[in-house]
Structures are given as C-alpha cells and as structure tokens.
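K.L.:
Just dropping this structure here.
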Amino acid sequence: MHEVTSLPHAVRSDEHFWIPMSDGVRLAARMWRPTSSDATPVPAVLEYIPYRRRDLTAVRDSLHHPYIAGHGYACVRVDLRGTGDSEGVLVDEYLEREQQDAEEVLAWLADQPWCDGSTAMLGLSWGGFAALQVAARRPPSLGAIVISSFTDDRYGDDFHYMGGCLLSDNLAEAGTMFAFGTCPPDPVVVGERWRRMWRERLEATEPWVLEWLRHQRRDDYWTHASVCDDYTAVRCPVLASSGWADGYSNAVLRVLENLEAPRRGLIGPWSHRYPHMGEPGPAIGYLQEVVRWLDHWLKGVDNGVDAGPSLWAWMQDSVPPSTSYEERPGRWVREDAWPSPGIDPTELPLARYRLGAPGEKVDAESLTLRSPLTTGQFAGKWASYNAPPDLPYDQREEDGGSLVFDSDILTEDVEILGAAEAELELSVTEPVAMVAARLCDVAPDGSATRVTFGLLNLTHRDGHETPREVEPGERCRVRVTLNGVAQVFPAGHRIRLSLSTSYWPLAWPPPRPVLMTVHPEGSSLHLPVRPVPEGETPDPRPFGEPEGAPQIATSRRETPDHRWTVQRDMVDTRSSLEIVKDGGILHFEDIDLDVGRRAYELYESVADDFTSARGRSTWTMRFARGDWSARTETHTSLECTETEFRVYATLDAFEGDERIFSREWSETVPRDHL
C-alpha cells in the first residue's frame with residue numbers, strides 16, 4: 001500500500017471525546033478532521049462498530065480515516081454502547097437501541113460547528129450492516145453510505161443460517177462477541193469507574209449463541225433490520241463492495257438489483273477485508289473511490305461517479321486448489337446494469353454422473369447417496385479471513401462422499417457471473433435433511449477447485465418462515481442457490497456439480513444420516529453464462545494503486561500463531577478441525593498499551609454419529625499497561641442430540657492474577673426442523 005504523507009488538507013486528531021445519548025449514556029469517539037474546518041465546516045463521516053477504536057481497530061483506522069479527513073471530511077469512529085470506552089452494555093447485535101444511538105450520533109455530528117450539516121456512514125462488516133440499516137431509517141443529515149462485506153438479510157445471508165442450515169460460524173461469531181463484549185474500558189480514558197463499567201458488562205452478558213439458537217426460522221427477530229424486506233426505505237446513494245472469497249458478496253448484487261437509490265457495486269477476489277487491504281489480491285485504490293463517491297454526493301462535485309458502470313467485478317481465472325492465495329489472477333469486467341442483459345442463463349441437464357449439454361435430452365436412472373459425516377472437512381470458512389489460510393482445499397476427497405456430475409471437456413472458455421442454481425428432483429429417507437451443492441473447476445490432472453457452493457435445509461424448501469418436514473420417500477423439487485461468483489472455466493477443463501447430504505463442520509448436520517435419491521430426469525444446473533461482449537477491451541487497471549495514511553506505531557511483544565489442522569484418528573474414528581488464531585501481543589506506542597487476543601476453535605465428530613458433532617470456541621483477551629493488567633477468558637461449547645442443542649459456556653475475568661468474576665451457563669434449546 002502506498003503511504004500518502006501529503007494530503008489536500010492538514011488534519012488534526014481528537015483522540016477522545018464523548019457523544020451524549022438521550023437516555024444519559026455517553027458514547028466514546030475519536031475524530032480526524034481538517035484544521036480548516038473550524039472556519040470552513042465540512043461533512044462528517046461516521047464509522048460505528050463495537051471493536052474498540054483505541055486498540056483493536058486502531059491500526060486499520062489509522063490508514064483510512066486520516067486519509068479521508070485529509071480530503072475534506074470530519075471522520076468519526078464511535079464505539080457502540082457497552083464496547084471500548086463507551087458507557088452502557090451491549091447485549092446483542094443490531095437492536096433498536098443501537099440504531100437509535102446511531103441516529104442520535106448523526107444528529108449530534110450534523111449540529112457541530114465544524115460540520116456543514118451533512119453526514120455519511122462508512123463501514124466493513126458490522127459497520128456496513130449498521131450503515132445500511134440506519135440508511136433505511138432515513139436520518140435527515142445522511143447523504144450517502146459506503147459499505148463493505150455486509151448483508152441486507154440477517155437470517156438467510158449472514159453467518160447464522162444459510163439456506164436454513166445452521167452454520168458453524170454462528171458459534172464462532174458468537175464466541176467472538178462473547179470475548180469483545182466483555183472487555184474492560186481503558187482506565188486512562190474513563191478513570192476509576194472502569195471497574196464498575198467492566199462489572200456492569202460482565203453481569204449483563206449472556207452468550208449470544210443462545211438467542212440465535214432460539215430463532216431457528218426467519219421470524220420477527222431476524223426481519224428486524226433486514227433491509228431486503230423493504231428496499232424502498234433506502235433513499236441515499238450507496239457504494240457497496242465485497243469479495244468473492246467473503247461470505248457477503250451476494251448482498252452487493254441484490255442491492256444493485258433492488259435499490260431505487262443511486263448505487264454502485266464493486267466485487268473483487270478478496271476475503272473479509274476492505275478493498276484497499278484486499279487479500280487475496282489485487283487490492284485496489286479503494287479510498288480514492290470512497291472520496292470520489294463522497295465528493296459527488298455530499299459536496300456536489302461533478303466527477304462522473306453517477307455515470308459509471310453499475311458493477312465492477314473481478315473475473316477470476318482458473319487456479320489450482322489452495323487454502324490461501326496472495327493474488328487471484330483475472331481481470332476486471334464491467335456491467336452497466338444489473339441484472340445484466342448480457343448474461344445468458346444456460347441450463348445443463350443432469351445425466352448419469354455427468355452434466356449434459358444445453359438442450360440435450362437425457363434419460364438416466366436415479367442415483368442414491370448417503371454422505372459420510374466427514375464430507376465438508378476441506379470446505380474452509382463460510383467467510384474467509386485469509387488468516388489462518390481458510391479457503392477450501394482440493395475437493396476430490398469431498399467428492400468421494402458426494403454425487404458428482406461432470407461436463408464434457410470444454411472446447412472453449414466458459415465464463416459465469418452471478419448465482420448458479422441446482423434444480424433438483426429428489427427424495428430422502430428422513431423428515432429432516434439437507435443438501436449441499438458445490439460447483440468446481442476440474443483441471444486435466446483431476447484436481448478440483450471449489451468455485452462456489454450453496455446449502456438448503458429441505459424442511460425450508462418452501463421458505464424460511466414456516467419449515468415443514470419432508471415425507472420420507474416422497475419426491476420433491478427444490479432449487480439450491482449457490483453464492484454468486486465471477487469465474488472462468490478454461491478450455492480443457494470440466495465443470496463439476498457435486499451434491500452431498502452433509503457439509504460438516506461448515507454447517508451443522510441433520511439429526512440422523514440421510515439417504516438421498518436424485519432423479520436426473522427432473523434435475524439440472526443453471527449457470528449465469530457471460531459471453532464476452534463483442535469488442536470488449538479489458539481495462540487492466542480501472543482503479544488506482546492502494547493508498548492510505550501512515551500507519552500508527554506498534555511493536556510486537558509476542559509473535560502471532562495461526563493454524564488450521566484437520567485430523568482423523570483411525571482408532572476411535574474421531575475427526576476434528578482445529579483452528580488457532582493467535583494475534584500474539586501488540587504494543588501500541590501512542591497509548592503505551594499491550595493487547596493480546598487468542599481464539600481457538602475445535603469442531604469434532606465420531607464416525608457417522610450425527611449427534612456426536614460438537615463445536616467449541618475459546619477466547620483470551622489481554623490488556624496491560626505498567627502495573628495494570630486485565631484479561632477475560634470465554635468458552636462456548638455447542639453439542640446436540642437428535643432433538644435439542646446443548647450450550648455450555650463460561651466467563652472468567654481477571655484483574656492482575658486475581659479472578660474478579662466467574663459465571664457458567666448450561667442450557668438446552670429444542671431443534672426446530674434442524
């Protein structure tokens with residue numbers, strides 16, 4: 001990344017100030033703004049997240065907030081109530097109180113003498129969710145939003161329930177927030193009351209996984225703040241981005257299709273990161289695009305962003321399977337409208353273990369399968385963070401537990417852009433069952449790179465609101481929508497559709513093993529084929545080089561440790577996936593603070609006992625300065641029987657070596673068509 005040291009405006013930094021809420025709670029904030037804004041007010045740009053502005057996001061924040069501020073904006077980072085140094089408690093995600101707070105923050109910013117009365121919101125992940133959700137509430141000052149790695153559907157397109165299937169990331173992300181939500185505030189900022197504030201957080205905490213498991217279907221809990229239920233509510237311009245390696249790319253395509261407000265989409269090869277920090281590369285000059293977007297919609301600059309393409313997408317070339325890539329080869333393609341009239345929907349009928357040609361009449365006998373529980377161990381993460389390496393590995397071992405349908409060897413390149421669908425006529429032997437569909441690029445040497453995948457809980461075949469059991473043996477027709485992607489299948493390769501009845505540990509298995517019968521005569525694969533437009537000349541560099549402000553000074557006290565280990569014990573038939581994400585200890589020079597965070601995840605099962613599946617998430621958070629130190633240790637375990645989920649959790653907090661708080665949970669939640 002190019003470090004920019006000379007910007008159009010000199011910038012001042014206000015390290016800490018309070019923003020009062022109507023109920024008396026104060027939110028902690030940090031700001032970067034032009035020194036000239038005292039005399040010449042500027043628009044304010046808010047990033048509103050629960051991840052601790054003074055330490056855990058400080059390095060990232062130092063790259064983009066001073067940069068945007070140097071182009072004439074007051075950039076403000078606010079910790080949600082109950083996180084960082086903000087007062088109050090955080091008990092769940094995206095609650096009404098959180099959104100009310102955001103509206104009050106925007107109103108407060110718009111009323112400051114250094115603000116010209118207009119505001120925007122910017123954010124990745126939670127920050128992107130928050131910006132889109134607040135935009136739907138139409139606060140009067142909000143003139144534009146810039147969102148990355150977000151969703152508009154909290155139930156069906158987040159880390160909770162994909163296709164009605166329970167994702168293991170539901171446990172992992174609950175473990176993350178169990179850790180982040182119980183951290184202490186900084187005594188340097190809040191003074192002696194830090195103990196009381198910390199205690200209040202500890203006592204108010206419940207493992208969020210419990211609440212998420214209480215809502216296994218798409219009910220009012222999930223429809224709250226799901227913008228997909230009313231796209232017309234969003235009226236401000238939206239710049240939306242994500243990456244094909246992320247779990248959140250689908251929402252970009254949906255907002256392009258459904259919003260009525262001005263919008264633009266950008267999807268690269270990236271994991272769960274901002275595009276100027278994108279991995280796998282190439283990263284792009286995203287901050288330049290952000291400034292152009294804000295300049296046009298908040299300052300009225302005629303710079304053409306309103307006349308650009310609807311979508312820029314990275315068309316990925318074929319690559320060998322790997323759990324990590326530094327760069328994904330490919331090219332940028334543009335679509336002036338989305339959905340694109342240039343996409344050619346192509347149907348490939350399913351034959352006996354092969355994909356037929358478009359229009360081919362097939363007559364194939366039915367095929368049966370019961371996948372082993374280990375099918376899915378090489379699936380990677382639902383949303384890749386690229387550390388530790390977490391992309392799907394060679395799919396040949398997964399294919400051994402799947403029904404596999406291969407195309408003929410391609411005689412010319414085939415490119416797809418959008419969401420593929422598997423239309424299946426099938427029957428199963430159990431009332432609760434799932435199907436996982438994977439689309440792979442198969443090289444001449446047989447290696448199989450997963451391109452995209454989709455899941456469907458068959459009890460949700462008619463929708464996620466009112467699931468109903470499947471009648472064993474009865475034929476049903478379903479559609480499994482795979483995640484959107486842009487991909488080249490080169491000549492000499494094959495296109496492969498793989499179907500399995502389990503996908504553990506990415507998704508929780510059904511209560512019992514399932515024998516599935518697929519009837520090819522009523523089944524097909526639908527591909528969004530993108531013929532290369534005649535005369536299309538690829539622009540190899542439609543974006544500038546990644547830029548950012550100088551990074552704040554840090555030093556390492558302990559080195560990070562990242563591991564992703566698959567194991568199988570042939571004696572007790574136990575299989576496991578072990579994930580270590582240890583950031584070591586990082587020292588922040590400007591605030592003289594040591595911060596350590598370590599996450600450990602373990603997913604296990606025994607043979608084909610579907611009730612043996614269990615997951616664990618354990619976190620340790622450490623903070624130290626001089627003779628002061630504090631840490632939290634959180635543990636969450638999720639197990640199951642055929643009829644219920646069992647949650648075990650512990651929370652321990654320490655000041656120095658003394659444990660000052662301890663609590664345990666042991667609760668069960670009935671399985672609801674899962």
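Just so we're on the same page: first chain in the structure tokens is A, next is B, and so on; residues restart at 1 for each chain, and ligands are numbered from 1 in the order they show up.
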DSSP on the backbone: which residues in stretch 388-624 of chain A end up as strand (DSSP E or B)? Give the answer as a ChimeraX atom specification.
P.N.:
/A:403-406,414-418,421-428,434-442,448-457,476-481,485-489,494-500,507,516-518,524-529,547-548,554-558,561-568,574-588,593-606,609-624
K.L.:
Return as CSV the residues of stretch 485-507 of chain A lying at most 9 Å from stretch 374-380 of chain A, together with the closest atom-to-atom pair for each and the distance in Å to one decimal, counting only C-alpha atoms, with rows in chain order and ascending residue number.
P.N.:
residue,atom,partner,partner_atom,distance
A:Ser500,CA,A:Thr375,CA,7.6
A:Thr501,CA,A:Thr375,CA,8.5
A:Ser502,CA,A:Thr375,CA,6.2
A:Tyr503,CA,A:Gly376,CA,4.3
A:Trp504,CA,A:Gly376,CA,4.9
A:Pro505,CA,A:Gly376,CA,6.2
A:Leu506,CA,A:Gly376,CA,6.6
A:Ala507,CA,A:Gly376,CA,8.4
K.L.:
How would the residues just chosen look if you wrote them out with all heavy atoms as a PDB file, in the first residue's frame?
P.N.:
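Output contents, as saved in out02.pdb:
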ATOM      1  N   SER A 500     -24.053 -33.370  -1.791  1.00  0.00           N
ATOM      2  CA  SER A 500     -23.842 -34.197  -0.603  1.00  0.00           C
ATOM      3  C   SER A 500     -24.951 -33.948   0.399  1.00  0.00           C
ATOM      4  O   SER A 500     -25.641 -32.923   0.350  1.00  0.00           O
ATOM      5  CB  SER A 500     -22.479 -33.905   0.035  1.00  0.00           C
ATOM      6  OG  SER A 500     -22.387 -32.555   0.452  1.00  0.00           O
ATOM      7  N   THR A 501     -25.109 -34.898   1.331  1.00  0.00           N
ATOM      8  CA  THR A 501     -26.167 -34.799   2.339  1.00  0.00           C
ATOM      9  C   THR A 501     -25.633 -34.317   3.682  1.00  0.00           C
ATOM     10  O   THR A 501     -26.373 -34.271   4.661  1.00  0.00           O
ATOM     11  CB  THR A 501     -26.863 -36.156   2.518  1.00  0.00           C
ATOM     12  OG1 THR A 501     -25.877 -37.149   2.884  1.00  0.00           O
ATOM     13  CG2 THR A 501     -27.555 -36.582   1.238  1.00  0.00           C
ATOM     14  N   SER A 502     -24.351 -33.983   3.733  1.00  0.00           N
ATOM     15  CA  SER A 502     -23.783 -33.319   4.915  1.00  0.00           C
ATOM     16  C   SER A 502     -22.661 -32.412   4.442  1.00  0.00           C
ATOM     17  O   SER A 502     -22.122 -32.589   3.341  1.00  0.00           O
ATOM     18  CB  SER A 502     -23.262 -34.339   5.935  1.00  0.00           C
ATOM     19  OG  SER A 502     -22.183 -35.084   5.396  1.00  0.00           O
ATOM     20  N   TYR A 503     -22.321 -31.425   5.266  1.00  0.00           N
ATOM     21  CA  TYR A 503     -21.238 -30.494   4.935  1.00  0.00           C
ATOM     22  C   TYR A 503     -20.637 -29.970   6.234  1.00  0.00           C
ATOM     23  O   TYR A 503     -20.524 -28.775   6.462  1.00  0.00           O
ATOM     24  CB  TYR A 503     -21.752 -29.357   4.057  1.00  0.00           C
ATOM     25  CG  TYR A 503     -20.699 -28.769   3.134  1.00  0.00           C
ATOM     26  CD1 TYR A 503     -19.803 -29.588   2.448  1.00  0.00           C
ATOM     27  CD2 TYR A 503     -20.606 -27.402   2.938  1.00  0.00           C
ATOM     28  CE1 TYR A 503     -18.855 -29.062   1.596  1.00  0.00           C
ATOM     29  CE2 TYR A 503     -19.660 -26.862   2.091  1.00  0.00           C
ATOM     30  CZ  TYR A 503     -18.778 -27.689   1.414  1.00  0.00           C
ATOM     31  OH  TYR A 503     -17.826 -27.157   0.571  1.00  0.00           O
ATOM     32  N   TRP A 504     -20.272 -30.911   7.082  1.00  0.00           N
ATOM     33  CA  TRP A 504     -19.745 -30.617   8.410  1.00  0.00           C
ATOM     34  C   TRP A 504     -18.223 -30.485   8.336  1.00  0.00           C
ATOM     35  O   TRP A 504     -17.573 -31.267   7.654  1.00  0.00           O
ATOM     36  CB  TRP A 504     -20.172 -31.730   9.373  1.00  0.00           C
ATOM     37  CG  TRP A 504     -19.489 -31.710  10.706  1.00  0.00           C
ATOM     38  CD1 TRP A 504     -18.499 -32.547  11.136  1.00  0.00           C
ATOM     39  CD2 TRP A 504     -19.741 -30.802  11.785  1.00  0.00           C
ATOM     40  NE1 TRP A 504     -18.129 -32.226  12.413  1.00  0.00           N
ATOM     41  CE2 TRP A 504     -18.863 -31.151  12.829  1.00  0.00           C
ATOM     42  CE3 TRP A 504     -20.605 -29.724  11.964  1.00  0.00           C
ATOM     43  CZ2 TRP A 504     -18.838 -30.464  14.036  1.00  0.00           C
ATOM     44  CZ3 TRP A 504     -20.579 -29.038  13.154  1.00  0.00           C
ATOM     45  CH2 TRP A 504     -19.714 -29.408  14.181  1.00  0.00           C
ATOM     46  N   PRO A 505     -17.619 -29.483   9.031  1.00  0.00           N
ATOM     47  CA  PRO A 505     -18.227 -28.631  10.049  1.00  0.00           C
ATOM     48  C   PRO A 505     -18.680 -27.254   9.568  1.00  0.00           C
ATOM     49  O   PRO A 505     -19.004 -26.402  10.398  1.00  0.00           O
ATOM     50  CB  PRO A 505     -17.101 -28.484  11.063  1.00  0.00           C
ATOM     51  CG  PRO A 505     -15.869 -28.483  10.239  1.00  0.00           C
ATOM     52  CD  PRO A 505     -16.137 -29.429   9.100  1.00  0.00           C
ATOM     53  N   LEU A 506     -18.690 -26.986   8.267  1.00  0.00           N
ATOM     54  CA  LEU A 506     -19.166 -25.665   7.849  1.00  0.00           C
ATOM     55  C   LEU A 506     -20.621 -25.480   8.250  1.00  0.00           C
ATOM     56  O   LEU A 506     -21.020 -24.395   8.682  1.00  0.00           O
ATOM     57  CB  LEU A 506     -18.995 -25.496   6.340  1.00  0.00           C
ATOM     58  CG  LEU A 506     -19.263 -24.090   5.807  1.00  0.00           C
ATOM     59  CD1 LEU A 506     -18.299 -23.736   4.686  1.00  0.00           C
ATOM     60  CD2 LEU A 506     -20.702 -23.943   5.304  1.00  0.00           C
ATOM     61  N   ALA A 507     -21.426 -26.531   8.110  1.00  0.00           N
ATOM     62  CA  ALA A 507     -22.841 -26.483   8.503  1.00  0.00           C
ATOM     63  C   ALA A 507     -23.145 -27.644   9.430  1.00  0.00           C
ATOM     64  O   ALA A 507     -22.613 -28.741   9.270  1.00  0.00           O
ATOM     65  CB  ALA A 507     -23.740 -26.545   7.272  1.00  0.00           C
TER      66      ALA A 507
END
K.L.:
Kindly indicate which residue among A:Val669, A:Ala174, A:Leu455, A:Val571 lies nearest to A:Val606, using only C-alpha atoms for the distances.
P.N.:
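Going through A:Val669, A:Ala174, A:Leu455, A:Val571 one by one, the smallest distance to A:Val606 is for A:Val571.
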K.L.:
Give me, as a ChimeraX atom specification, the residues of stretch 136-371 of chain A that a backbone DSSP run labels alpha helix (DSSP H).
P.N.:
/A:169-180,187-190,194-204,208-213,220-223,249-258,286-299
K.L.:
Could you give me, as a ChimeraX atom specification, the residues within 10 Å of A:Ala69, counting only C-alpha atoms and dropping anything in the same chain fewer than 2 positions from it?
P.N.:
/A:7-13,31-35,42-45,64-67,71-76,291
K.L.:
Which residues come within 12 Å of A:Met434, counting only C-alpha atoms, excluding same-chain residues fewer than 6 positions away, as a ChimeraX atom specification?
P.N.:
/A:162-166,370-371,426-428,454-461,469-470,478,480,499-504,507-516,673-674
K.L.:
Looking at only C-alpha atoms, which of A:Cys115, A:Val25, A:Leu106, A:Val404 is the one that sits closest to A:Ser37?
P.N.:
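Result for the nearest residue to A:Ser37: A:Cys115.
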K.L.:
Do you have the atom CA of A:Pro140-atom CA of A:Asp101 distance handy?
P.N.:
14.6 Å
K.L.:
Fewer than 6 positions away in the same chain doesn't count, so skip those; otherwise give me all residues within 10 Å of A:Ile284, counting only C-alpha atoms, as a list in words.
P.N.:
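Result of the neighbour search: Met1, Gly268, Tyr274, Pro275, His276, Met277, Gly278, Arg541, Pro542, Phe543, Gly544, Glu545, Pro546 and Glu547 of chain A.
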K.L.:
Could you turn the residues from that selection into a file that holds N, CA and C atoms, as a PDB file, in the first residue's frame?
P.N.:
ATOM      1  N   MET A   1       0.841  -1.191   0.000  1.00  0.00           N
ATOM      2  CA  MET A   1       0.000   0.000   0.000  1.00  0.00           C
ATOM      3  C   MET A   1       0.878   1.244   0.000  1.00  0.00           C
ATOM      4  N   GLY A 268     -14.378  -7.793  -5.691  1.00  0.00           N
ATOM      5  CA  GLY A 268     -13.055  -8.260  -6.066  1.00  0.00           C
ATOM      6  C   GLY A 268     -12.831  -9.697  -5.632  1.00  0.00           C
ATOM      7  N   TYR A 274     -11.469  -4.652   3.780  1.00  0.00           N
ATOM      8  CA  TYR A 274     -11.664  -3.502   2.916  1.00  0.00           C
ATOM      9  C   TYR A 274     -10.870  -3.704   1.623  1.00  0.00           C
ATOM     10  N   PRO A 275     -11.379  -3.212   0.477  1.00  0.00           N
ATOM     11  CA  PRO A 275     -10.698  -3.450  -0.801  1.00  0.00           C
ATOM     12  C   PRO A 275      -9.284  -2.874  -0.903  1.00  0.00           C
ATOM     13  N   HIS A 276      -8.960  -1.806  -0.160  1.00  0.00           N
ATOM     14  CA  HIS A 276      -7.588  -1.285  -0.240  1.00  0.00           C
ATOM     15  C   HIS A 276      -6.624  -2.139   0.579  1.00  0.00           C
ATOM     16  N   MET A 277      -7.179  -3.075   1.360  1.00  0.00           N
ATOM     17  CA  MET A 277      -6.368  -4.023   2.125  1.00  0.00           C
ATOM     18  C   MET A 277      -6.662  -5.447   1.660  1.00  0.00           C
ATOM     19  N   GLY A 278      -7.193  -5.577   0.447  1.00  0.00           N
ATOM     20  CA  GLY A 278      -7.764  -6.821  -0.023  1.00  0.00           C
ATOM     21  C   GLY A 278      -6.775  -7.962  -0.137  1.00  0.00           C
ATOM     22  N   ARG A 541      -6.520  -1.889 -15.429  1.00  0.00           N
ATOM     23  CA  ARG A 541      -6.341  -1.115 -14.202  1.00  0.00           C
ATOM     24  C   ARG A 541      -7.391   0.004 -14.130  1.00  0.00           C
ATOM     25  N   PRO A 542      -8.671  -0.362 -13.921  1.00  0.00           N
ATOM     26  CA  PRO A 542      -9.677   0.698 -13.788  1.00  0.00           C
ATOM     27  C   PRO A 542      -9.580   1.442 -12.463  1.00  0.00           C
ATOM     28  N   PHE A 543      -8.773   0.921 -11.528  1.00  0.00           N
ATOM     29  CA  PHE A 543      -8.617   1.556 -10.223  1.00  0.00           C
ATOM     30  C   PHE A 543      -7.143   1.873  -9.990  1.00  0.00           C
ATOM     31  N   GLY A 544      -6.906   2.874  -9.158  1.00  0.00           N
ATOM     32  CA  GLY A 544      -5.543   3.232  -8.818  1.00  0.00           C
ATOM     33  C   GLY A 544      -4.919   2.245  -7.853  1.00  0.00           C
ATOM     34  N   GLU A 545      -3.675   2.519  -7.499  1.00  0.00           N
ATOM     35  CA  GLU A 545      -2.972   1.701  -6.522  1.00  0.00           C
ATOM     36  C   GLU A 545      -3.554   1.935  -5.122  1.00  0.00           C
ATOM     37  N   PRO A 546      -3.506   0.923  -4.256  1.00  0.00           N
ATOM     38  CA  PRO A 546      -3.982   1.127  -2.878  1.00  0.00           C
ATOM     39  C   PRO A 546      -3.205   2.248  -2.193  1.00  0.00           C
ATOM     40  N   GLU A 547      -3.945   3.127  -1.551  1.00  0.00           N
ATOM     41  CA  GLU A 547      -3.343   4.227  -0.805  1.00  0.00           C
ATOM     42  C   GLU A 547      -3.907   4.260   0.602  1.00  0.00           C
TER      43      GLU A 547
END
K.L.:
Quick check, in Å to one decimal: how far apart do atom CA of A:Ser575 and atom CA of A:Ala607 lie?
P.N.:
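Computed distance, atom CA of A:Ser575 to atom CA of A:Ala607, equals 7.5 Å.
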K.L.:
Closest to A:Glu667 among A:Leu213, A:Ala448, A:Leu373, A:Val532, using only C-alpha atoms?
P.N.:
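Looking only at the distances to A:Glu667, the closest residue turns out to be A:Leu213.
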K.L.:
Which of these, A:Thr517, A:Thr83, A:Ser324, A:Ser241, has the shortest distance to A:Leu403 once you count only C-alpha atoms?
P.N.:
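Looking only at the distances to A:Leu403, the closest residue turns out to be A:Thr517.
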K.L.:
For A:Thr223, find every residue with an atom within 9 Å (counting only C-alpha atoms), except residues of its own chain fewer than 5 positions away, and show them as an NGL selection string.
P.N.:
:A and (153-155 or 218 or 228-229)
K.L.:
Now that the selection is made, can you save its residues with all heavy atoms as an mmCIF file, in the first residue's frame?
P.N.:
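See result-v4.cif below for the written result:
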data_model
loop_
_atom_site.group_PDB
_atom_site.id
_atom_site.type_symbol
_atom_site.label_atom_id
_atom_site.label_comp_id
_atom_site.auth_asym_id
_atom_site.auth_seq_id
_atom_site.Cartn_x
_atom_site.Cartn_y
_atom_site.Cartn_z
ATOM 1 N N ASP A 153 -29.965 -9.214 4.555
ATOM 2 C CA ASP A 153 -30.841 -10.273 5.058
ATOM 3 C C ASP A 153 -30.157 -10.940 6.246
ATOM 4 O O ASP A 153 -29.266 -11.764 6.082
ATOM 5 C CB ASP A 153 -31.113 -11.300 3.953
ATOM 6 C CG ASP A 153 -32.102 -12.383 4.374
ATOM 7 O OD1 ASP A 153 -32.484 -12.427 5.558
ATOM 8 O OD2 ASP A 153 -32.489 -13.194 3.510
ATOM 9 N N ARG A 154 -30.569 -10.598 7.448
ATOM 10 C CA ARG A 154 -29.892 -11.060 8.647
ATOM 11 C C ARG A 154 -30.039 -12.563 8.865
ATOM 12 O O ARG A 154 -29.168 -13.174 9.499
ATOM 13 C CB ARG A 154 -30.419 -10.313 9.876
ATOM 14 C CG ARG A 154 -30.076 -8.820 9.902
ATOM 15 C CD ARG A 154 -30.563 -8.187 11.194
ATOM 16 N NE ARG A 154 -30.060 -8.930 12.336
ATOM 17 C CZ ARG A 154 -30.756 -9.144 13.451
ATOM 18 N NH1 ARG A 154 -31.990 -8.685 13.568
ATOM 19 N NH2 ARG A 154 -30.220 -9.828 14.449
ATOM 20 N N TYR A 155 -31.093 -13.156 8.360
ATOM 21 C CA TYR A 155 -31.275 -14.600 8.552
ATOM 22 C C TYR A 155 -30.576 -15.405 7.463
ATOM 23 O O TYR A 155 -29.719 -16.243 7.741
ATOM 24 C CB TYR A 155 -32.764 -14.970 8.570
ATOM 25 C CG TYR A 155 -33.000 -16.464 8.723
ATOM 26 C CD1 TYR A 155 -33.049 -17.042 9.982
ATOM 27 C CD2 TYR A 155 -33.150 -17.299 7.615
ATOM 28 C CE1 TYR A 155 -33.235 -18.415 10.134
ATOM 29 C CE2 TYR A 155 -33.342 -18.663 7.754
ATOM 30 C CZ TYR A 155 -33.383 -19.213 9.014
ATOM 31 O OH TYR A 155 -33.563 -20.568 9.163
ATOM 32 N N ARG A 218 -36.932 -17.906 10.120
ATOM 33 C CA ARG A 218 -36.904 -16.462 9.854
ATOM 34 C C ARG A 218 -38.159 -15.804 10.450
ATOM 35 O O ARG A 218 -39.181 -15.635 9.788
ATOM 36 C CB ARG A 218 -36.812 -16.195 8.348
ATOM 37 C CG ARG A 218 -36.428 -14.746 8.021
ATOM 38 C CD ARG A 218 -36.202 -14.550 6.526
ATOM 39 N NE ARG A 218 -35.617 -13.251 6.244
ATOM 40 C CZ ARG A 218 -36.304 -12.131 6.045
ATOM 41 N NH1 ARG A 218 -37.634 -12.165 6.100
ATOM 42 N NH2 ARG A 218 -35.683 -10.987 5.799
ATOM 43 N N CYS A 228 -33.746 -6.085 3.150
ATOM 44 C CA CYS A 228 -34.331 -6.746 1.979
ATOM 45 C C CYS A 228 -35.848 -6.782 2.027
ATOM 46 O O CYS A 228 -36.501 -6.973 0.991
ATOM 47 C CB CYS A 228 -33.783 -8.159 1.827
ATOM 48 S SG CYS A 228 -34.203 -9.271 3.196
ATOM 49 N N ASP A 229 -36.436 -6.609 3.209
ATOM 50 C CA ASP A 229 -37.890 -6.632 3.314
ATOM 51 C C ASP A 229 -38.534 -5.341 2.810
ATOM 52 O O ASP A 229 -39.743 -5.301 2.586
ATOM 53 C CB ASP A 229 -38.310 -6.889 4.768
ATOM 54 C CG ASP A 229 -38.036 -8.324 5.188
ATOM 55 O OD1 ASP A 229 -37.846 -9.181 4.306
ATOM 56 O OD2 ASP A 229 -37.989 -8.589 6.401
#
K.L.:
Name all residues at most 7 Å from A:Asp344 (count only C-alpha atoms; drop same-chain ones fewer than 2 positions away) and give them as a list in words.
P.N.:
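Non-adjacent residues within range: Gly342, Thr346, Pro528, Val529 and Arg530 of chain A.
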K.L.:
For A:Thr57, which of A:Val190, A:Val78, A:Val580, A:Ala436 is the closest residue, counting only C-alpha atoms?
P.N.:
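Selected residue with least distance to A:Thr57: A:Val78.
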K.L.:
For the atom pair atom CA of A:Trp619 and atom CA of A:Asp152, what is the interatomic distance in Å to one decimal place?
P.N.:
28.7 Å
